[in-house]
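So the structure is just underneath, and the comments pick up after that.
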Amino acid sequence: FVLISTNEQMLKKFLFIFSFLLLVLTSRISSAVVISKIDVEGNRSVDKSLIINMSGLVVGSELDPSAIQNAIKRLYGMKLFSDIQIEGKETEGGTELYIKVREYPKVSSIDLSGNKKIKTEDIKEKLNITLSKVISPMDVKADVDNIKSIYREKGYLAAQIESEVSQSDKEGEVVLKFKINEGKKVRIKKILIEGNQIFKDSKIKKQMKNKEDRFWRGGGFDPEKFEEDKEKILEFYKKNGFLDAQISSDSIWYDPSQKDMFIQIVLIEGEKYK
């Protein structure tokens with residue numbers, strides 16, 4: 001017989017333990033969790049196969065937590081669901097997955113009330129939400145902001161917009177209502193010209209299409225015309241030999257009621273070229 005030294009015995013023991021661990025590890029890898037089935041629940045209008053394809057989950061593939069997390073992210077990215085859950089069921093053939101979704105509702109009608117200064121069709125034309133479109137709270141908020149922008153462009157800075165979503169007669173559909181309080185149109189109370197030494201305020205204001213409020217004319221504000229007004233002022237200076245004239249700054253502010261507007265234009269006239 002052969003005598004085995006203490007070191008040789010320890011080596012054999014180590015090799016035995018290593019072989020056992022390797023066998024266990026191999027066994028675990030070979031029995032990795034496999035997706036045996038994928039089903040969808042809760043979908044009304046979104047096609048089942050589309051949901052499964054968008055999830056990225058595939059029958060026969062190995063399942064890990066990151067795959068579930070990525071699937072949920074992808075499905076939320078469709079912006080069609082208010083809630084998504086993925087549940088698993090262990091079977092002899094593998095793990096069955098059930099994708100449970102709750103769809104956002106579709107819009108059956110869009111109603112506006114309180115708008116007197118701007119036509120309903122002109123407002124609806126600027127909305128992102130349309131009939132039969134799936135909507136989320138974010139979509140509604142975005143269109144509230146759109147309506148506010150429409151009124152701001154028309155000079156109604158104090159306009160208040162409220163939204164209301166109610167269930168329609170059909171399941172999965174809602175009625176969207178926008179309640180508008182237009183408020184009063186802002187008026188240009190004063191246009192302040194600063195930095196001008198060569199030309200009087202009145203001469204510069206004459207170049208502008210936006211005018212101060214007077215009893216014989218309205219003082220409504222047009223943002224697009226204001227950009228043109230600044231260009232017209234500089235053109236006026238250049239025609240009169242002030243080629244380096246600049247508007248160093250311009251600002252707009254309102255009184256607390258947001259009914260009166262104040263405009264300030266600061267000029268650098270520069271030297272006159274003969």
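Going through the structure tokens in order, the chains are called A, B, and so on, while each chain numbers its residues from 1 and the ligands are numbered from 1 in the order shown.
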
Residues near Gln246 (chain A), cut-off 12 Å, only C-alpha atoms, skip fewer than 3 positions along chain, as a ChimeraX atom specification: /A:194-196,230-238,242-243,249-250,265-271

List the neighbours of Met78 (chain A) out to 12 Å using only C-alpha atoms; skip same-chain residues closer than 2 positions along the sequence, and give me the result as a PyMOL selection string. chain A and resi 46+50-51+53-55+71-76+80-84+101+103-104+134-136

If we count only C-alpha atoms and set the cut-off at 9 Å, which residues sit around Ala142 (chain A), ignoring sequence neighbours fewer than 4 positions away in its own chain? Please answer as a list in words.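 Listing them by chain and then by number gives Leu127, Asn128, Pro137, Met138, Asn146 and Ile147 of chain A.
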
Would you save the residues of that selection, restricted to N, CA and C atoms, as a PDB file, in the first residue's frame?
```pdb
ATOM      1  N   LEU A 127     -55.118  71.670 -29.647  1.00  0.00           N
ATOM      2  CA  LEU A 127     -54.997  70.622 -28.628  1.00  0.00           C
ATOM      3  C   LEU A 127     -54.292  69.390 -29.191  1.00  0.00           C
ATOM      4  N   ASN A 128     -53.526  68.730 -28.330  1.00  0.00           N
ATOM      5  CA  ASN A 128     -52.874  67.473 -28.724  1.00  0.00           C
ATOM      6  C   ASN A 128     -53.846  66.300 -28.611  1.00  0.00           C
ATOM      7  N   PRO A 137     -53.153  61.529 -17.372  1.00  0.00           N
ATOM      8  CA  PRO A 137     -53.192  62.822 -16.668  1.00  0.00           C
ATOM      9  C   PRO A 137     -52.168  63.817 -17.221  1.00  0.00           C
ATOM     10  N   MET A 138     -51.020  63.311 -17.681  1.00  0.00           N
ATOM     11  CA  MET A 138     -49.991  64.196 -18.249  1.00  0.00           C
ATOM     12  C   MET A 138     -50.465  64.839 -19.546  1.00  0.00           C
ATOM     13  N   ASN A 146     -51.548  74.281 -23.005  1.00  0.00           N
ATOM     14  CA  ASN A 146     -51.718  74.754 -24.386  1.00  0.00           C
ATOM     15  C   ASN A 146     -52.801  75.822 -24.473  1.00  0.00           C
ATOM     16  N   ILE A 147     -53.913  75.592 -23.775  1.00  0.00           N
ATOM     17  CA  ILE A 147     -55.006  76.577 -23.787  1.00  0.00           C
ATOM     18  C   ILE A 147     -54.560  77.876 -23.129  1.00  0.00           C
TER      19      ILE A 147
END
```

Please identify the strand (DSSP E or B) residues within region 100-142 of chain A (assignment by DSSP from backbone atoms) and present them as a PyMOL selection string. chain A and resi 100-103+106-113+134

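Here the question is which of A:Asn70, A:Gln160, A:Glu212, A:Asp244 gets nearest to Gly56 (chain A) using only C-alpha atoms, and that residue is A:Asn70.
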